[in-house]
Amino acid sequence: LSVIDYLLKPVAFERFMQAIQKLLPEEKVIPQPTDTTSFVTLKQGKKTLKVNTADILYCEAKGNNTFIYLNDETHLDVYMPLSKLQEE
């Protein structure tokens, strides 16, 4: 099959770049700077919140609501199914 490398999900950017270097060893592949901070926008009641995904410890689904537990020991009760939150 002429396999050079394989990647397992979730793929870290550094690991992806290692695979590219194996494929194109003679070319200099310069990684483009990426924004490592990602956010998700959530509606809690009438408020819209911008939550850093790195601050999310875990999520718990309860019907159409999702409880989002954060690093600072707070939690958010969001009216959004967990499947929709995963898409975000």
# chains A, B, ... in the order shown; residues from 1 in each chain; ligands from 1
call {"tool": "residues_around", "arguments": {"residues": "stretch 70-84 of chain A", "least_positions_apart": "5", "cutoff": "12 Å", "atoms": "only C-alpha atoms", "output": "list in words"}}
result
Val40, Thr41, Leu42, Lys43, Gln44, Gly45, Lys46, Lys47, Thr48, Leu49, Lys50, Val51, Asn52, Thr53, Ala54, Asp55, Ile56, Leu57, Tyr58, Cys59, Glu60, Ala61, Lys62, Gly63, Asn64 and Asn65 of chain A
call {"tool": "select_by_dssp", "arguments": {"residues": "chain A", "states": "helix (DSSP H, G or I)", "output": "list in words"}}
result
Phe13, Glu14, Arg15, Phe16, Met17, Gln18, Ala19, Ile20, Gln21, Lys22, Leu23, Thr53, Ala54, Asp55, Leu82, Ser83, Lys84, Leu85, Gln86 and Glu87 of chain A
call {"tool": "atom_distance", "arguments": {"atom1": "atom CA of A:Lys9", "atom2": "atom CA of A:Glu26"}}
result
26.7 Å
